[in-house]
file input-v3.cif (mmCIF, C-alpha atoms and all ligand atoms)
data_model
loop_
_atom_site.label_atom_id
_atom_site.label_comp_id
_atom_site.auth_asym_id
_atom_site.auth_seq_id
_atom_site.Cartn_x
_atom_site.Cartn_y
_atom_site.Cartn_z
CA MET A 227 -72.02 63.87 -45.75
CA HIS A 228 -69.57 66.53 -44.59
CA LYS A 229 -69.63 69.72 -46.65
CA THR A 230 -67.56 72.89 -46.52
CA ILE A 231 -69.68 75.90 -47.37
CA VAL A 232 -68.57 79.49 -47.95
CA ILE A 233 -71.10 82.32 -47.81
CA VAL A 234 -70.00 85.81 -48.81
CA GLY A 235 -72.07 88.69 -47.40
CA ALA A 236 -73.16 87.12 -44.13
CA SER A 237 -73.47 89.98 -41.66
CA ARG A 238 -77.13 90.80 -42.27
CA GLY A 239 -80.16 90.19 -44.46
CA ILE A 240 -80.44 87.16 -46.70
CA GLY A 241 -76.79 86.04 -46.32
CA LYS A 242 -76.98 85.90 -42.54
CA ALA A 243 -80.24 83.97 -42.78
CA ILE A 244 -78.61 81.48 -45.19
CA VAL A 245 -75.85 80.84 -42.64
CA GLU A 246 -78.43 80.34 -39.87
CA ASN A 247 -80.34 77.90 -42.05
CA LEU A 248 -77.34 75.80 -43.16
CA ALA A 249 -75.72 75.82 -39.71
CA GLN A 250 -78.56 73.57 -38.47
CA ASN A 251 -76.76 70.71 -40.20
CA SER A 252 -73.88 69.66 -37.97
CA ASN A 253 -72.19 67.89 -40.89
CA TYR A 254 -71.53 71.26 -42.46
CA SER A 255 -68.54 73.52 -41.78
CA ILE A 256 -69.46 77.06 -42.72
CA LEU A 257 -67.26 80.06 -43.42
CA ALA A 258 -69.24 83.28 -43.10
CA LEU A 259 -67.51 86.24 -44.77
CA SER A 260 -68.28 89.99 -44.56
CA ARG A 261 -66.63 93.29 -43.74
CA ASN A 262 -68.57 93.77 -40.55
CA LEU A 263 -67.47 91.17 -37.97
CA LYS A 264 -69.82 92.64 -35.40
CA GLY A 265 -72.81 91.86 -37.59
CA MET A 266 -71.71 88.21 -37.64
CA GLU A 267 -71.13 87.93 -33.88
CA SER A 268 -74.44 86.15 -33.26
CA LEU A 269 -73.44 83.46 -35.80
CA ARG A 270 -70.67 82.32 -33.47
CA LYS A 271 -73.26 80.52 -31.34
CA PHE A 272 -73.11 77.84 -34.02
CA LYS A 273 -70.09 75.57 -33.41
CA ASN A 274 -69.80 74.84 -37.12
CA VAL A 275 -69.62 78.49 -38.25
CA GLU A 276 -66.44 80.51 -38.52
CA THR A 277 -66.76 84.24 -39.20
CA ILE A 278 -64.00 86.00 -41.13
CA GLU A 279 -63.52 89.59 -42.23
CA PHE A 280 -63.53 89.91 -46.02
CA ASP A 281 -63.94 92.95 -48.24
CA LEU A 282 -64.91 92.60 -51.90
CA ASN A 283 -63.80 96.17 -52.30
CA SER A 284 -60.18 95.44 -51.42
CA GLN A 285 -57.25 95.86 -53.82
CA ASN A 286 -56.69 92.18 -54.43
CA VAL A 287 -59.80 90.18 -53.66
CA ARG A 288 -58.41 87.01 -55.20
CA ALA A 289 -55.33 87.03 -52.92
CA GLU A 290 -57.48 87.83 -49.86
CA ALA A 291 -59.84 84.99 -50.66
CA GLU A 292 -56.96 82.58 -51.36
CA LYS A 293 -55.55 83.41 -47.92
CA ILE A 294 -58.89 82.60 -46.29
CA PHE A 295 -59.31 79.37 -48.25
CA THR A 296 -55.72 78.12 -47.65
CA SER A 297 -56.62 75.99 -44.66
CA LEU A 298 -59.59 74.34 -46.40
CA ASP A 299 -59.22 70.88 -47.99
CA LYS A 300 -62.12 71.60 -50.28
CA ILE A 301 -65.10 73.84 -50.88
CA ASP A 302 -68.39 72.12 -51.73
CA ILE A 303 -70.66 75.15 -51.92
CA LEU A 304 -69.86 78.83 -52.49
CA ILE A 305 -72.70 81.34 -52.26
CA ASN A 306 -71.80 84.78 -53.63
CA ASN A 307 -74.52 86.70 -51.83
CA ALA A 308 -72.89 90.05 -51.00
CA GLY A 309 -74.32 93.00 -52.86
CA LYS A 310 -73.86 96.73 -53.18
CA LEU A 311 -76.79 98.91 -54.24
CA VAL A 312 -76.55 102.55 -55.28
CA SER A 313 -79.83 104.30 -56.00
CA LYS A 314 -79.25 107.61 -57.80
CA SER A 315 -80.73 109.28 -60.84
CA PHE A 316 -78.71 108.64 -63.99
CA LEU A 317 -76.94 112.00 -64.31
CA GLU A 318 -76.09 112.10 -60.60
CA LEU A 319 -74.25 108.79 -60.70
CA THR A 320 -70.51 109.27 -60.20
CA ALA A 321 -67.79 107.07 -61.63
CA LYS A 322 -67.14 105.99 -58.03
CA ASP A 323 -70.77 104.87 -57.60
CA ILE A 324 -70.60 102.81 -60.76
CA GLU A 325 -67.17 101.40 -59.92
CA SER A 326 -68.19 100.41 -56.39
CA CYS A 327 -71.21 98.44 -57.66
CA TYR A 328 -69.10 96.68 -60.27
CA GLN A 329 -66.29 96.01 -57.79
CA VAL A 330 -68.53 94.33 -55.21
CA ASN A 331 -71.15 92.77 -57.49
CA VAL A 332 -68.97 91.63 -60.39
CA ILE A 333 -65.18 91.90 -60.04
CA GLY A 334 -65.20 90.75 -56.41
CA VAL A 335 -67.42 87.80 -57.30
CA ILE A 336 -65.23 86.74 -60.23
CA GLU A 337 -62.06 87.00 -58.13
CA THR A 338 -63.62 85.05 -55.25
CA VAL A 339 -64.50 82.30 -57.70
CA GLN A 340 -60.92 82.33 -59.05
CA ALA A 341 -59.71 81.68 -55.51
CA ALA A 342 -62.30 78.95 -54.89
CA VAL A 343 -61.85 76.92 -58.09
CA PRO A 344 -58.65 75.11 -56.97
CA LYS A 345 -60.53 73.99 -53.84
CA MET A 346 -63.46 72.66 -55.87
CA ILE A 347 -61.82 71.16 -58.92
CA GLU A 348 -61.11 67.72 -57.46
CA ASN A 349 -64.39 66.88 -55.73
CA GLY A 350 -66.66 69.29 -57.58
CA GLY A 351 -69.05 71.75 -56.06
CA HIS A 352 -71.82 74.24 -56.60
CA ILE A 353 -71.33 77.99 -56.92
CA VAL A 354 -74.48 80.08 -56.51
CA ASN A 355 -74.38 83.71 -57.58
CA ILE A 356 -77.04 85.99 -56.15
CA SER A 357 -78.26 88.44 -58.75
CA SER A 358 -81.45 90.47 -58.92
CA MET A 359 -84.63 90.63 -60.99
CA GLY A 360 -83.26 94.04 -61.95
CA GLY A 361 -80.48 92.26 -63.84
CA PHE A 362 -82.82 89.74 -65.50
CA GLN A 363 -83.58 90.43 -69.13
CA GLY A 364 -87.14 91.58 -69.76
CA SER A 365 -88.02 92.23 -66.10
CA VAL A 366 -89.58 95.47 -64.86
CA LYS A 367 -86.83 98.06 -64.41
CA PHE A 368 -86.58 100.90 -61.86
CA ALA A 369 -85.21 104.41 -62.29
CA GLY A 370 -82.04 105.10 -60.36
CA LEU A 371 -80.67 101.56 -60.45
CA THR A 372 -78.37 101.77 -63.49
CA ALA A 373 -75.15 100.98 -61.61
CA TYR A 374 -76.69 98.22 -59.50
CA SER A 375 -78.86 96.47 -62.06
CA THR A 376 -76.32 96.50 -64.90
CA SER A 377 -73.75 94.99 -62.53
CA LYS A 378 -76.25 92.29 -61.55
CA ALA A 379 -76.82 91.58 -65.25
CA ALA A 380 -73.06 91.08 -65.59
CA VAL A 381 -73.17 88.41 -62.89
CA CYS A 382 -75.83 86.58 -64.90
CA SER A 383 -73.54 86.68 -67.93
CA PHE A 384 -70.56 85.52 -65.86
CA THR A 385 -72.59 82.48 -64.78
CA GLU A 386 -73.10 81.39 -68.39
CA LEU A 387 -69.48 82.03 -69.32
CA PHE A 388 -68.02 80.20 -66.33
CA SER A 389 -70.23 77.16 -66.71
CA GLU A 390 -69.28 76.90 -70.39
CA GLU A 391 -65.56 77.08 -69.56
CA TYR A 392 -65.93 74.50 -66.77
CA LYS A 393 -68.51 72.24 -68.42
CA ASP A 394 -66.13 69.28 -68.44
CA SER A 395 -65.35 69.68 -64.74
CA LYS A 396 -67.40 68.75 -61.68
CA ILE A 397 -67.88 72.41 -60.76
CA THR A 398 -71.34 73.81 -61.47
CA MET A 399 -72.52 77.41 -61.29
CA ASN A 400 -76.03 78.84 -61.27
CA CYS A 401 -77.43 82.31 -60.75
CA LEU A 402 -80.55 83.31 -58.80
CA CYS A 403 -82.20 86.61 -59.71
CA LEU A 404 -84.05 87.55 -56.57
CA GLY A 405 -87.23 89.54 -56.36
CA ALA A 406 -88.03 91.61 -53.30
CA ALA A 407 -87.17 90.21 -49.87
CA GLN A 408 -87.57 92.22 -46.68
CA THR A 409 -84.04 93.35 -45.75
CA GLU A 410 -82.18 96.52 -44.87
CA MET A 411 -80.97 96.84 -48.47
CA LEU A 412 -84.56 96.80 -49.76
CA GLU A 413 -85.68 99.27 -47.08
CA GLU A 414 -82.84 101.63 -48.05
CA ALA A 415 -83.64 101.40 -51.79
CA PHE A 416 -87.45 101.35 -51.54
CA PRO A 417 -88.40 102.93 -48.18
CA GLY A 418 -91.76 101.70 -46.93
CA TYR A 419 -92.08 98.95 -49.56
CA GLU A 420 -93.33 95.71 -48.05
CA ALA A 421 -91.81 92.66 -49.69
CA PRO A 422 -93.89 89.50 -49.99
CA VAL A 423 -90.98 87.38 -48.75
CA SER A 424 -88.88 87.61 -45.58
CA ALA A 425 -85.08 87.29 -45.61
CA GLU A 426 -85.47 83.93 -43.82
CA LYS A 427 -87.93 82.58 -46.39
CA MET A 428 -85.67 83.64 -49.28
CA ALA A 429 -82.71 82.08 -47.46
CA GLU A 430 -84.61 78.81 -47.11
CA TYR A 431 -85.00 78.62 -50.89
CA ILE A 432 -81.38 79.58 -51.59
CA ALA A 433 -80.01 77.11 -49.02
CA ASP A 434 -82.03 74.26 -50.54
CA PHE A 435 -81.08 75.33 -54.08
CA ALA A 436 -77.38 75.51 -53.21
CA GLN A 437 -77.41 72.00 -51.72
CA ASN A 438 -79.43 70.27 -54.41
CA ALA A 439 -80.14 72.05 -57.68
CA ASN A 440 -76.83 71.32 -59.38
CA GLN A 441 -77.85 67.69 -59.75
CA TRP A 442 -80.13 68.90 -62.52
CA ILE A 443 -79.00 72.31 -63.74
CA ASN A 444 -75.81 74.17 -64.57
CA GLY A 445 -75.16 77.63 -66.01
CA LYS A 446 -78.78 78.72 -65.50
CA ILE A 447 -80.15 82.15 -64.65
CA ILE A 448 -83.30 81.74 -62.61
CA PRO A 449 -85.83 84.37 -61.54
CA VAL A 450 -86.95 83.88 -57.92
CA SER A 451 -89.76 86.33 -57.55
CA LEU A 452 -93.33 86.61 -56.36
CA SER A 453 -93.23 90.23 -57.41
CA THR A 454 -90.75 92.84 -58.60
CA PRO A 455 -88.67 94.70 -57.35
N1 LIG B 1 -83.42 92.18 -50.57
C1 LIG B 1 -83.89 92.18 -51.80
O1 LIG B 1 -85.07 92.53 -52.04
C2 LIG B 1 -83.03 91.76 -52.95
C3 LIG B 1 -83.58 91.74 -54.23
C4 LIG B 1 -82.79 91.35 -55.29
C5 LIG B 1 -81.49 90.94 -55.08
N2 LIG B 1 -80.96 90.98 -53.82
C6 LIG B 1 -79.57 90.56 -53.65
O2 LIG B 1 -79.48 89.62 -52.60
C7 LIG B 1 -78.24 89.74 -51.93
C8 LIG B 1 -78.47 89.96 -50.44
O3 LIG B 1 -79.27 91.12 -50.29
P1 LIG B 1 -79.75 91.70 -48.89
O4 LIG B 1 -81.01 92.41 -49.16
O5 LIG B 1 -79.68 90.65 -47.84
O6 LIG B 1 -78.62 92.83 -48.67
P2 LIG B 1 -78.01 93.50 -47.36
O7 LIG B 1 -78.97 93.40 -46.24
O8 LIG B 1 -77.53 94.84 -47.77
O9 LIG B 1 -76.76 92.56 -47.08
C9 LIG B 1 -75.69 92.56 -47.98
C10 LIG B 1 -74.55 91.75 -47.43
O10 LIG B 1 -73.45 91.94 -48.32
C11 LIG B 1 -72.30 92.28 -47.57
N3 LIG B 1 -71.41 93.18 -48.30
C12 LIG B 1 -71.69 94.38 -48.84
N4 LIG B 1 -70.58 94.93 -49.34
C13 LIG B 1 -69.56 94.05 -49.12
C14 LIG B 1 -68.17 94.04 -49.39
N5 LIG B 1 -67.57 95.09 -49.94
N6 LIG B 1 -67.45 92.97 -49.04
C15 LIG B 1 -68.02 91.91 -48.43
N7 LIG B 1 -69.34 91.86 -48.14
C16 LIG B 1 -70.10 92.92 -48.47
C17 LIG B 1 -72.86 93.00 -46.33
O11 LIG B 1 -71.96 92.84 -45.24
P3 LIG B 1 -70.90 93.93 -44.73
O12 LIG B 1 -71.55 95.26 -44.84
O13 LIG B 1 -70.63 93.45 -43.35
O14 LIG B 1 -69.70 93.74 -45.60
C18 LIG B 1 -74.12 92.20 -46.06
O15 LIG B 1 -73.84 91.09 -45.24
C19 LIG B 1 -77.50 90.92 -52.59
O16 LIG B 1 -76.62 90.46 -53.56
C20 LIG B 1 -78.65 91.70 -53.26
O17 LIG B 1 -78.20 92.45 -54.34
C21 LIG B 1 -81.70 91.38 -52.77
#
call {"tool": "encode", "arguments": {"input": "input-v3.cif", "output": "C-alpha cells"}}
result
Amino acid sequence: MHKTIVIVGASRGIGKAIVENLAQNSNYSILALSRNLKGMESLRKFKNVETIEFDLNSQNVRAEAEKIFTSLDKIDILINNAGKLVSKSFLELTAKDIESCYQVNVIGVIETVQAAVPKMIENGGHIVNISSMGGFQGSVKFAGLTAYSTSKAAVCSFTELFSEEYKDSKITMNCLCLGAAQTEMLEEAFPGYEAPVSAEKMAEYIADFAQNANQWINGKIIPVSLSTP
C-alpha cells in the first residue's frame, strides 16, 4: 500500500538510516527534512525520497512545515527524530542553551505535529517521537544533560497529552526513548563511548515500529535500550 512518510532530522545518524531503511519499499514516498541539505545528498539516489531544508529552530516552525506539507494529499507516518544535545555543567548552562534544546526537541516537534495533523486526520496515521532514556522516568541520569534530558522528558509528556486529545481520531502517537546508538551525537556527548547498537540497527527497529506498532499501542512511552546512556 502506498504510504507518505515524513522524517525530520535526516541528514545523519539514526534519521538518515531510517530514510535508507524505508526507501527500500518503492510503495513509499519519503520526505527527508533537515537543515543540512548536503548531508542528505546521498539520499537522492532513492527515487522515492525528496530532501527538503527544514529548521526546527526557525521563527515559525508550524508555517514552515505547513508550506512543505501543502503538496501532500496525506501523511501516513511522521517520525520526529531530530534532536539537539547540549552537554554542560548545570551552572554553566545559559538561557540560550536551554532554549535551543527546548526549541528543537519540544516546541519544534509540537509545531511540526500541528502542521501534520490536517494531513493525517482523514486517513489516520502514526506519529513517532524520538526521545531518550535520559528523559525516561527512573532511568540512570547523567551530569551535564539538564537541558537535553528535561526537554526529552517533555516530549514523552506531549505524547500522552496528544494521544488523549486525539483518542477518538485515527491518528496515533507513540514515543521511543532510545538508549545509546553509535552516532555523531553520542560521540560528541560521550567521547570514546562504544554503544552496543549501530545507527542502522536502531533505525531498523524504529522503521518497523513506525510502520506497525500503532495497530496495538497508542500514547505509549517505550524504552529502547540495551544499556544506558
Ligand atoms: N545516538 C544516541 O545514542 C541517542 C540516544 C538517545 C536518544 N537519541 C535521539 O535520537 C535522535 C537521533 O539522534 P542521532 O544520534 O542520530 O543524532 P545526530 O547524529 O546528531 O542527528 C540529529 C539529526 O537531527 C537534525 N537536526 C538537529 N537540529 C535540527 C534543527 N534545528 N532542525 C532540523 N533538524 C535538526 C540533524 O540535521 P541537521 O543538522 O542537518 O539539521 C540530524 O539529521 C535524536 O532525537 C536524539 O536525541 C539518540
call {"tool": "residues_around", "arguments": {"input": "input-v3.cif", "residues": "Ser326 (chain A)", "least_positions_apart": "6", "cutoff": "10 Å", "atoms": "only C-alpha atoms", "output": "ChimeraX atom specification"}}
result
/A:282-283,310-312,320,332-333,373-374,377
call {"tool": "residues_around", "arguments": {"input": "input-v3.cif", "residues": "Cys401 (chain A)", "least_positions_apart": "2", "cutoff": "12 Å", "atoms": "all atoms listed in the file", "output": "PyMOL selection string"}}
result
chain A and resi 304-307+335+352-359+361-362+378-389+398-399+403-404+432+435-436+439-440+443-450
call {"tool": "write_last_selection", "arguments": {"input": "input-v3.cif", "atoms": "C-alpha atoms", "output": "JSON list (two decimals), keeping the file's coordinate frame"}}
result
[["chain", "number", "residue", "atom", "x", "y", "z"],
["A", 304, "LEU", "CA", -69.86, 78.83, -52.49],
["A", 305, "ILE", "CA", -72.70, 81.34, -52.26],
["A", 306, "ASN", "CA", -71.80, 84.78, -53.63],
["A", 307, "ASN", "CA", -74.52, 86.70, -51.83],
["A", 335, "VAL", "CA", -67.42, 87.80, -57.30],
["A", 352, "HIS", "CA", -71.82, 74.24, -56.60],
["A", 353, "ILE", "CA", -71.33, 77.99, -56.92],
["A", 354, "VAL", "CA", -74.48, 80.08, -56.51],
["A", 355, "ASN", "CA", -74.38, 83.71, -57.58],
["A", 356, "ILE", "CA", -77.04, 85.99, -56.15],
["A", 357, "SER", "CA", -78.26, 88.44, -58.75],
["A", 358, "SER", "CA", -81.45, 90.47, -58.92],
["A", 359, "MET", "CA", -84.63, 90.63, -60.99],
["A", 361, "GLY", "CA", -80.48, 92.26, -63.84],
["A", 362, "PHE", "CA", -82.82, 89.74, -65.50],
["A", 378, "LYS", "CA", -76.25, 92.29, -61.55],
["A", 379, "ALA", "CA", -76.82, 91.58, -65.25],
["A", 380, "ALA", "CA", -73.06, 91.08, -65.59],
["A", 381, "VAL", "CA", -73.17, 88.41, -62.89],
["A", 382, "CYS", "CA", -75.83, 86.58, -64.90],
["A", 383, "SER", "CA", -73.54, 86.68, -67.93],
["A", 384, "PHE", "CA", -70.56, 85.52, -65.86],
["A", 385, "THR", "CA", -72.59, 82.48, -64.78],
["A", 386, "GLU", "CA", -73.10, 81.39, -68.39],
["A", 387, "LEU", "CA", -69.48, 82.03, -69.32],
["A", 388, "PHE", "CA", -68.02, 80.20, -66.33],
["A", 389, "SER", "CA", -70.23, 77.16, -66.71],
["A", 398, "THR", "CA", -71.34, 73.81, -61.47],
["A", 399, "MET", "CA", -72.52, 77.41, -61.29],
["A", 403, "CYS", "CA", -82.20, 86.61, -59.71],
["A", 404, "LEU", "CA", -84.05, 87.55, -56.57],
["A", 432, "ILE", "CA", -81.38, 79.58, -51.59],
["A", 435, "PHE", "CA", -81.08, 75.33, -54.08],
["A", 436, "ALA", "CA", -77.38, 75.51, -53.21],
["A", 439, "ALA", "CA", -80.14, 72.05, -57.68],
["A", 440, "ASN", "CA", -76.83, 71.32, -59.38],
["A", 443, "ILE", "CA", -79.00, 72.31, -63.74],
["A", 444, "ASN", "CA", -75.81, 74.17, -64.57],
["A", 445, "GLY", "CA", -75.16, 77.63, -66.01],
["A", 446, "LYS", "CA", -78.78, 78.72, -65.50],
["A", 447, "ILE", "CA", -80.15, 82.15, -64.65],
["A", 448, "ILE", "CA", -83.30, 81.74, -62.61],
["A", 449, "PRO", "CA", -85.83, 84.37, -61.54],
["A", 450, "VAL", "CA", -86.95, 83.88, -57.92]]
call {"tool": "atom_distance", "arguments": {"input": "input-v3.cif", "atom1": "CA of Asn262 (chain A)", "atom2": "CA of Ala308 (chain A)"}}
result
11.9 Å
call {"tool": "axis_aligned_box", "arguments": {"input": "input-v3.cif", "around": "ligand LIG 1 (chain B)", "padding_each_side": "3 Å", "output": "JSON"}}
result
{"center_x": -76.3, "center_y": 92.4, "center_z": -49.3, "size_x": 23.6, "size_y": 11.6, "size_z": 17.9}
call {"tool": "closest_residue", "arguments": {"input": "input-v3.cif", "among": "A:Ser252, A:Gln285, A:Asn438, A:Thr296", "to": "ligand LIG 1 (chain B)", "atoms": "all atoms listed in the file"}}
result
A:Gln285
call {"tool": "closest_residue", "arguments": {"input": "input-v3.cif", "among": "A:Val330, A:Val366, A:Leu269, A:Ile233", "to": "ligand LIG 1 (chain B)", "atoms": "only C-alpha atoms and all ligand atoms"}}
result
A:Val330
call {"tool": "build_atoms", "arguments": {"input": "input-v3.cif", "residues": "region 320-338 of chain A", "atoms": "N, CA, C and O atoms", "output": "JSON list (two decimals), keeping the file's coordinate frame"}}
result
[["chain", "number", "residue", "atom", "x", "y", "z"],
["A", 320, "THR", "N", -71.92, 108.96, -60.00],
["A", 320, "THR", "CA", -70.51, 109.27, -60.20],
["A", 320, "THR", "C", -69.80, 108.00, -60.67],
["A", 320, "THR", "O", -70.30, 106.89, -60.51],
["A", 321, "ALA", "N", -68.59, 108.23, -61.20],
["A", 321, "ALA", "CA", -67.79, 107.07, -61.63],
["A", 321, "ALA", "C", -67.54, 106.16, -60.43],
["A", 321, "ALA", "O", -67.54, 104.93, -60.55],
["A", 322, "LYS", "N", -67.38, 106.76, -59.26],
["A", 322, "LYS", "CA", -67.14, 105.99, -58.03],
["A", 322, "LYS", "C", -68.34, 105.10, -57.69],
["A", 322, "LYS", "O", -68.18, 103.96, -57.26],
["A", 323, "ASP", "N", -69.55, 105.66, -57.87],
["A", 323, "ASP", "CA", -70.77, 104.87, -57.60],
["A", 323, "ASP", "C", -70.81, 103.64, -58.51],
["A", 323, "ASP", "O", -71.09, 102.53, -58.06],
["A", 324, "ILE", "N", -70.52, 103.91, -59.77],
["A", 324, "ILE", "CA", -70.60, 102.81, -60.76],
["A", 324, "ILE", "C", -69.51, 101.77, -60.45],
["A", 324, "ILE", "O", -69.78, 100.57, -60.39],
["A", 325, "GLU", "N", -68.31, 102.29, -60.22],
["A", 325, "GLU", "CA", -67.17, 101.40, -59.92],
["A", 325, "GLU", "C", -67.45, 100.53, -58.69],
["A", 325, "GLU", "O", -67.16, 99.34, -58.69],
["A", 326, "SER", "N", -68.01, 101.16, -57.64],
["A", 326, "SER", "CA", -68.19, 100.41, -56.39],
["A", 326, "SER", "C", -69.21, 99.28, -56.59],
["A", 326, "SER", "O", -69.04, 98.19, -56.05],
["A", 327, "CYS", "N", -70.25, 99.52, -57.38],
["A", 327, "CYS", "CA", -71.21, 98.44, -57.66],
["A", 327, "CYS", "C", -70.54, 97.32, -58.44],
["A", 327, "CYS", "O", -70.72, 96.14, -58.13],
["A", 328, "TYR", "N", -69.76, 97.71, -59.45],
["A", 328, "TYR", "CA", -69.10, 96.68, -60.27],
["A", 328, "TYR", "C", -68.02, 95.94, -59.48],
["A", 328, "TYR", "O", -67.82, 94.74, -59.66],
["A", 329, "GLN", "N", -67.33, 96.66, -58.59],
["A", 329, "GLN", "CA", -66.29, 96.01, -57.79],
["A", 329, "GLN", "C", -66.89, 94.91, -56.89],
["A", 329, "GLN", "O", -66.43, 93.78, -56.86],
["A", 330, "VAL", "N", -67.95, 95.28, -56.17],
["A", 330, "VAL", "CA", -68.53, 94.33, -55.21],
["A", 330, "VAL", "C", -69.38, 93.27, -55.92],
["A", 330, "VAL", "O", -69.28, 92.07, -55.62],
["A", 331, "ASN", "N", -70.17, 93.69, -56.89],
["A", 331, "ASN", "CA", -71.15, 92.77, -57.49],
["A", 331, "ASN", "C", -70.60, 91.93, -58.64],
["A", 331, "ASN", "O", -71.18, 90.90, -58.97],
["A", 332, "VAL", "N", -69.49, 92.38, -59.24],
["A", 332, "VAL", "CA", -68.97, 91.63, -60.39],
["A", 332, "VAL", "C", -67.51, 91.22, -60.20],
["A", 332, "VAL", "O", -67.19, 90.04, -60.10],
["A", 333, "ILE", "N", -66.61, 92.22, -60.10],
["A", 333, "ILE", "CA", -65.18, 91.90, -60.04],
["A", 333, "ILE", "C", -64.87, 91.07, -58.79],
["A", 333, "ILE", "O", -64.18, 90.06, -58.85],
["A", 334, "GLY", "N", -65.42, 91.49, -57.67],
["A", 334, "GLY", "CA", -65.20, 90.75, -56.41],
["A", 334, "GLY", "C", -65.71, 89.32, -56.50],
["A", 334, "GLY", "O", -65.07, 88.38, -56.02],
["A", 335, "VAL", "N", -66.85, 89.15, -57.15],
["A", 335, "VAL", "CA", -67.42, 87.80, -57.30],
["A", 335, "VAL", "C", -66.51, 86.94, -58.18],
["A", 335, "VAL", "O", -66.16, 85.80, -57.84],
["A", 336, "ILE", "N", -66.09, 87.50, -59.31],
["A", 336, "ILE", "CA", -65.23, 86.74, -60.23],
["A", 336, "ILE", "C", -63.93, 86.35, -59.53],
["A", 336, "ILE", "O", -63.47, 85.20, -59.61],
["A", 337, "GLU", "N", -63.34, 87.31, -58.80],
["A", 337, "GLU", "CA", -62.06, 87.00, -58.13],
["A", 337, "GLU", "C", -62.23, 85.99, -56.99],
["A", 337, "GLU", "O", -61.34, 85.17, -56.74],
["A", 338, "THR", "N", -63.36, 86.04, -56.30],
["A", 338, "THR", "CA", -63.62, 85.05, -55.25],
["A", 338, "THR", "C", -63.72, 83.66, -55.87],
["A", 338, "THR", "O", -63.18, 82.68, -55.34]]
